[in-house]
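Data block for input_38.cif (mmCIF, N, CA and C atoms and all ligand atoms):
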```cif
data_target
#
loop_
_atom_site.label_atom_id
_atom_site.label_comp_id
_atom_site.auth_asym_id
_atom_site.auth_seq_id
_atom_site.Cartn_x
_atom_site.Cartn_y
_atom_site.Cartn_z
N MET A 1 19.65 -1.70 28.05
CA MET A 1 19.00 -0.61 27.32
C MET A 1 17.54 -0.54 27.74
N SER A 2 17.08 0.64 28.07
CA SER A 2 15.69 0.79 28.47
C SER A 2 14.81 1.08 27.26
N ILE A 3 13.60 0.66 27.33
CA ILE A 3 12.65 0.92 26.26
C ILE A 3 11.75 2.07 26.68
N ARG A 4 11.80 3.13 25.90
CA ARG A 4 10.99 4.29 26.22
C ARG A 4 9.79 4.35 25.29
N GLY A 5 8.61 4.13 25.83
CA GLY A 5 7.40 4.21 25.03
C GLY A 5 7.44 3.22 23.88
N HIS A 6 6.94 3.66 22.73
CA HIS A 6 6.89 2.77 21.58
C HIS A 6 7.78 3.30 20.47
N ILE A 7 8.76 4.11 20.83
CA ILE A 7 9.64 4.66 19.81
C ILE A 7 10.65 3.60 19.40
N PRO A 8 10.61 3.20 18.12
CA PRO A 8 11.59 2.20 17.69
C PRO A 8 12.97 2.82 17.59
N LEU A 9 13.94 2.14 18.15
CA LEU A 9 15.32 2.63 18.13
C LEU A 9 16.16 1.79 17.18
N ARG A 10 17.05 2.45 16.49
CA ARG A 10 17.93 1.75 15.57
C ARG A 10 19.35 2.28 15.74
N ARG A 11 20.31 1.42 15.36
CA ARG A 11 21.71 1.80 15.49
C ARG A 11 22.25 2.33 14.17
N CYS A 12 22.96 3.44 14.26
CA CYS A 12 23.56 4.03 13.07
C CYS A 12 24.78 3.23 12.65
N LEU A 13 24.88 2.97 11.34
CA LEU A 13 26.02 2.21 10.82
C LEU A 13 27.32 3.01 10.91
N GLY A 14 27.18 4.33 10.99
CA GLY A 14 28.36 5.18 11.00
C GLY A 14 28.96 5.31 12.39
N CYS A 15 28.20 5.94 13.30
CA CYS A 15 28.74 6.24 14.63
C CYS A 15 28.34 5.20 15.67
N ARG A 16 27.50 4.22 15.28
CA ARG A 16 27.06 3.13 16.16
C ARG A 16 26.18 3.60 17.31
N SER A 17 25.75 4.84 17.29
CA SER A 17 24.87 5.26 18.39
C SER A 17 23.43 4.89 18.06
N VAL A 18 22.66 4.66 19.11
CA VAL A 18 21.27 4.22 18.97
C VAL A 18 20.37 5.44 19.05
N LYS A 19 19.52 5.60 18.06
CA LYS A 19 18.65 6.78 17.97
C LYS A 19 17.26 6.35 17.54
N PRO A 20 16.27 7.26 17.74
CA PRO A 20 14.93 6.94 17.24
C PRO A 20 14.98 6.71 15.73
N GLN A 21 14.28 5.67 15.30
CA GLN A 21 14.27 5.29 13.89
C GLN A 21 13.91 6.47 12.99
N ALA A 22 12.97 7.29 13.46
CA ALA A 22 12.47 8.38 12.62
C ALA A 22 13.54 9.42 12.30
N SER A 23 14.59 9.49 13.12
CA SER A 23 15.61 10.49 12.89
C SER A 23 16.75 9.97 12.03
N LEU A 24 16.64 8.72 11.60
CA LEU A 24 17.71 8.10 10.82
C LEU A 24 17.27 7.86 9.39
N LEU A 25 18.24 7.80 8.49
CA LEU A 25 17.96 7.47 7.10
C LEU A 25 17.96 5.95 6.94
N ARG A 26 16.92 5.44 6.26
CA ARG A 26 16.84 3.99 6.09
C ARG A 26 17.54 3.54 4.81
N LEU A 27 18.24 2.43 4.92
CA LEU A 27 18.83 1.77 3.76
C LEU A 27 18.21 0.38 3.70
N ALA A 28 17.73 -0.01 2.52
CA ALA A 28 17.07 -1.30 2.40
C ALA A 28 17.96 -2.29 1.66
N GLU A 29 18.07 -3.48 2.23
CA GLU A 29 18.79 -4.55 1.55
C GLU A 29 17.92 -5.05 0.41
N GLY A 30 18.41 -4.95 -0.79
CA GLY A 30 17.58 -5.33 -1.94
C GLY A 30 17.99 -6.64 -2.57
N GLY A 31 18.44 -7.59 -1.80
CA GLY A 31 18.86 -8.86 -2.38
C GLY A 31 20.06 -8.66 -3.30
N ASP A 32 19.96 -9.20 -4.51
CA ASP A 32 21.07 -9.11 -5.46
C ASP A 32 21.34 -7.68 -5.90
N ALA A 33 20.35 -6.85 -5.78
CA ALA A 33 20.49 -5.47 -6.25
C ALA A 33 21.36 -4.63 -5.33
N GLY A 34 21.67 -5.13 -4.18
CA GLY A 34 22.47 -4.35 -3.24
C GLY A 34 21.59 -3.42 -2.42
N TRP A 35 22.23 -2.69 -1.53
CA TRP A 35 21.48 -1.81 -0.65
C TRP A 35 21.07 -0.54 -1.39
N ARG A 36 19.87 -0.07 -1.08
CA ARG A 36 19.38 1.16 -1.67
C ARG A 36 18.94 2.11 -0.58
N ILE A 37 19.03 3.39 -0.90
CA ILE A 37 18.53 4.40 0.03
C ILE A 37 17.01 4.39 -0.01
N ASP A 38 16.41 4.41 1.15
CA ASP A 38 14.95 4.27 1.24
C ASP A 38 14.38 5.36 2.14
N PRO A 39 14.41 6.61 1.67
CA PRO A 39 13.96 7.71 2.53
C PRO A 39 12.48 7.62 2.88
N GLU A 40 11.68 7.00 2.01
CA GLU A 40 10.23 6.90 2.27
C GLU A 40 9.91 5.67 3.13
N ARG A 41 10.91 4.84 3.39
CA ARG A 41 10.72 3.61 4.17
C ARG A 41 9.66 2.72 3.56
N ARG A 42 9.68 2.60 2.24
CA ARG A 42 8.66 1.81 1.57
C ARG A 42 9.22 0.52 0.99
N LEU A 43 10.53 0.45 0.84
CA LEU A 43 11.12 -0.73 0.22
C LEU A 43 11.11 -1.90 1.19
N GLY A 44 10.99 -3.08 0.63
CA GLY A 44 11.06 -4.27 1.47
C GLY A 44 12.50 -4.58 1.82
N GLY A 45 12.69 -5.71 2.42
CA GLY A 45 14.05 -6.13 2.76
C GLY A 45 14.46 -5.60 4.11
N ARG A 46 15.51 -6.18 4.61
CA ARG A 46 16.05 -5.80 5.90
C ARG A 46 16.52 -4.35 5.84
N GLY A 47 16.29 -3.63 6.90
CA GLY A 47 16.68 -2.23 6.93
C GLY A 47 17.95 -1.99 7.71
N HIS A 48 18.72 -1.03 7.26
CA HIS A 48 19.87 -0.54 7.99
C HIS A 48 19.70 0.96 8.11
N TYR A 49 20.34 1.53 9.11
CA TYR A 49 20.08 2.94 9.39
C TYR A 49 21.36 3.72 9.57
N VAL A 50 21.29 5.00 9.20
CA VAL A 50 22.44 5.88 9.34
C VAL A 50 21.94 7.28 9.67
N CYS A 51 22.70 8.01 10.48
CA CYS A 51 22.36 9.40 10.77
C CYS A 51 22.45 10.21 9.47
N LEU A 52 21.57 11.17 9.35
CA LEU A 52 21.62 12.05 8.20
C LEU A 52 22.62 13.16 8.49
N SER A 53 23.87 12.76 8.62
CA SER A 53 24.92 13.74 8.90
C SER A 53 26.09 13.47 7.97
N GLU A 54 26.82 14.51 7.69
CA GLU A 54 27.95 14.40 6.77
C GLU A 54 28.92 13.33 7.23
N SER A 55 29.25 13.32 8.53
CA SER A 55 30.28 12.41 9.01
C SER A 55 29.82 10.96 8.97
N CYS A 56 28.56 10.71 9.32
CA CYS A 56 28.09 9.33 9.33
C CYS A 56 27.91 8.80 7.92
N LEU A 57 27.40 9.63 7.01
CA LEU A 57 27.27 9.20 5.61
C LEU A 57 28.65 8.92 5.02
N ALA A 58 29.59 9.79 5.33
CA ALA A 58 30.95 9.62 4.79
C ALA A 58 31.56 8.32 5.32
N ARG A 59 31.22 7.98 6.54
CA ARG A 59 31.80 6.77 7.14
C ARG A 59 31.31 5.51 6.42
N LEU A 60 30.09 5.57 5.86
CA LEU A 60 29.58 4.41 5.12
C LEU A 60 30.51 4.07 3.96
N LEU A 61 31.05 5.12 3.34
CA LEU A 61 31.87 4.90 2.15
C LEU A 61 33.31 4.55 2.49
N THR A 62 33.70 4.75 3.74
CA THR A 62 35.06 4.40 4.12
C THR A 62 35.12 3.01 4.75
N GLN A 63 33.95 2.47 5.13
CA GLN A 63 33.93 1.10 5.66
C GLN A 63 33.80 0.15 4.48
N ARG A 64 34.83 -0.59 4.20
CA ARG A 64 34.84 -1.39 2.97
C ARG A 64 33.73 -2.43 2.94
N THR A 65 33.43 -3.03 4.08
CA THR A 65 32.40 -4.06 4.09
C THR A 65 31.03 -3.47 3.80
N VAL A 66 30.79 -2.26 4.32
CA VAL A 66 29.51 -1.61 4.08
C VAL A 66 29.44 -1.11 2.65
N ARG A 67 30.49 -0.45 2.22
CA ARG A 67 30.53 0.12 0.88
C ARG A 67 30.32 -0.94 -0.20
N GLY A 68 30.86 -2.14 0.07
CA GLY A 68 30.73 -3.22 -0.90
C GLY A 68 29.29 -3.68 -1.11
N MET A 69 28.40 -3.31 -0.19
CA MET A 69 26.99 -3.70 -0.29
C MET A 69 26.22 -2.80 -1.24
N PHE A 70 26.76 -1.61 -1.48
CA PHE A 70 25.97 -0.63 -2.23
C PHE A 70 26.12 -0.81 -3.73
N PHE A 71 25.07 -0.49 -4.42
CA PHE A 71 25.07 -0.33 -5.87
C PHE A 71 25.93 0.88 -6.20
N PRO A 72 26.61 0.90 -7.36
CA PRO A 72 27.36 2.11 -7.74
C PRO A 72 26.48 3.37 -7.73
N SER A 73 25.24 3.23 -8.19
CA SER A 73 24.38 4.43 -8.21
C SER A 73 24.04 4.89 -6.80
N THR A 74 23.97 3.94 -5.87
CA THR A 74 23.69 4.31 -4.48
C THR A 74 24.87 5.07 -3.89
N ILE A 75 26.07 4.66 -4.26
CA ILE A 75 27.25 5.37 -3.77
C ILE A 75 27.23 6.81 -4.29
N GLN A 76 26.82 6.99 -5.55
CA GLN A 76 26.70 8.35 -6.09
C GLN A 76 25.69 9.16 -5.29
N GLN A 77 24.56 8.52 -4.97
CA GLN A 77 23.51 9.19 -4.19
C GLN A 77 24.05 9.62 -2.83
N ILE A 78 24.80 8.73 -2.20
CA ILE A 78 25.33 9.03 -0.87
C ILE A 78 26.33 10.18 -0.97
N ARG A 79 27.16 10.15 -2.01
CA ARG A 79 28.11 11.25 -2.20
C ARG A 79 27.39 12.58 -2.32
N ARG A 80 26.26 12.55 -3.06
CA ARG A 80 25.48 13.78 -3.24
C ARG A 80 24.92 14.26 -1.91
N MET A 81 24.44 13.31 -1.11
CA MET A 81 23.86 13.67 0.19
C MET A 81 24.93 14.23 1.12
N ILE A 82 26.13 13.67 1.06
CA ILE A 82 27.22 14.18 1.89
C ILE A 82 27.50 15.64 1.52
N LYS A 83 27.48 15.90 0.21
CA LYS A 83 27.73 17.26 -0.26
C LYS A 83 26.63 18.21 0.24
N GLU A 84 25.38 17.74 0.14
CA GLU A 84 24.26 18.56 0.61
C GLU A 84 24.40 18.84 2.11
N GLN A 85 24.74 17.81 2.86
CA GLN A 85 24.87 17.99 4.31
C GLN A 85 26.00 18.95 4.65
N SER A 86 27.07 18.88 3.86
CA SER A 86 28.22 19.75 4.15
C SER A 86 27.90 21.20 3.87
N GLU A 87 26.84 21.42 3.05
CA GLU A 87 26.47 22.80 2.73
C GLU A 87 25.45 23.35 3.71
N VAL A 88 24.93 22.49 4.57
CA VAL A 88 23.96 22.94 5.57
C VAL A 88 24.74 23.45 6.79
N GLU A 89 24.58 24.71 7.07
CA GLU A 89 25.26 25.26 8.24
C GLU A 89 24.43 24.96 9.48
N PRO A 90 25.04 24.41 10.51
CA PRO A 90 24.29 24.20 11.74
C PRO A 90 23.87 25.54 12.34
N SER A 91 22.60 25.62 12.71
CA SER A 91 22.12 26.91 13.21
C SER A 91 22.34 27.00 14.71
ZN ZN B 1 25.61 8.20 13.17
#
```

Could you render the structure as structure tokens?
Amino acid sequence: MSIRGHIPLRRCLGCRSVKPQASLLRLAEGGDAGWRIDPERRLGGRGHYVCLSESCLARLLTQRTVRGMFFPSTIQQIRRMIKEQSEVEPS
């Protein structure tokens, strides 16, 4: 993998593709609290990343190992985001 400039790259948990960190949604490992959505990238803890797309968000909830990391309220949040994404028509 080549390093281009200083753009940090991260791998999406859904489709496994590597993209610039800024284009991905951050999820923060919150210890016992489970993973939380961290759109502002302000939470501590190890970060995980996912594309802000309907299919990649949906995949988080179908992967049992990943889904098991989330708080119930986080799963609700992700469901809401999937719905929002599905209502966005690609231009
Ligand atoms: Zn993805």

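Taking only C-alpha atoms and all ligand atoms into account, every polymer residue with at least one atom at most 7 Å away from ligand ZN 1 (chain B) is listed here: Cys12, Leu13, Gly14, Cys15, Arg16, Ser17, Val50, Cys51 and Cys56 of chain A.
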
Practice prompt. Quick one: everything within 8 Å of segment 71-80 of chain A, counting all atoms listed in the file, minus sequence neighbours fewer than 2 positions away in the same chain. Send it as a list of chain:residue names.
Written response: A:Ala33, A:Gly34, A:Trp35, A:Arg36, A:Ile37, A:Leu57, A:Ala58, A:Leu61, A:Arg67, A:Gly68, A:Met69, A:Ile82, A:Lys83, A:Glu84, A:Gln85, A:Ser86

Worksheet item: Can you list, as a PyMOL selection string, every protein, DNA or RNA residue that comes within 8 Å of Gly47 of chain A when you count only N, CA and C atoms, leaving out same-chain residues fewer than 4 positions away?
Response: chain A and resi 25-29+43

Practice prompt. Could you please determine the separation between atom CA of Gly45 of chain A and atom N of Ile7 of chain A in Å, to one decimal place?
Written response: 21.4 Å

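Nearest to Tyr49 of chain A of all the residues A:Met81, A:Glu89, A:Pro8, A:Leu24 is A:Leu24, based on all atoms listed in the file.
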
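In this model, the gap between atom C of Asp32 of chain A and atom N of Thr62 of chain A comes to 20.0 Å.
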
Discussion item. From a backbone DSSP assignment, name each residue in chain A labelled strand (DSSP E or B), as a PyMOL selection string.
Written reply: chain A and resi 9-12+18-20+24-29+35-37+47-51+70

Item to complete: Go ahead and compute the interatomic distance for atom CA of Arg41 of chain A and atom CA of Glu54 of chain A, in Å to one decimal.
Response: 20.5 Å
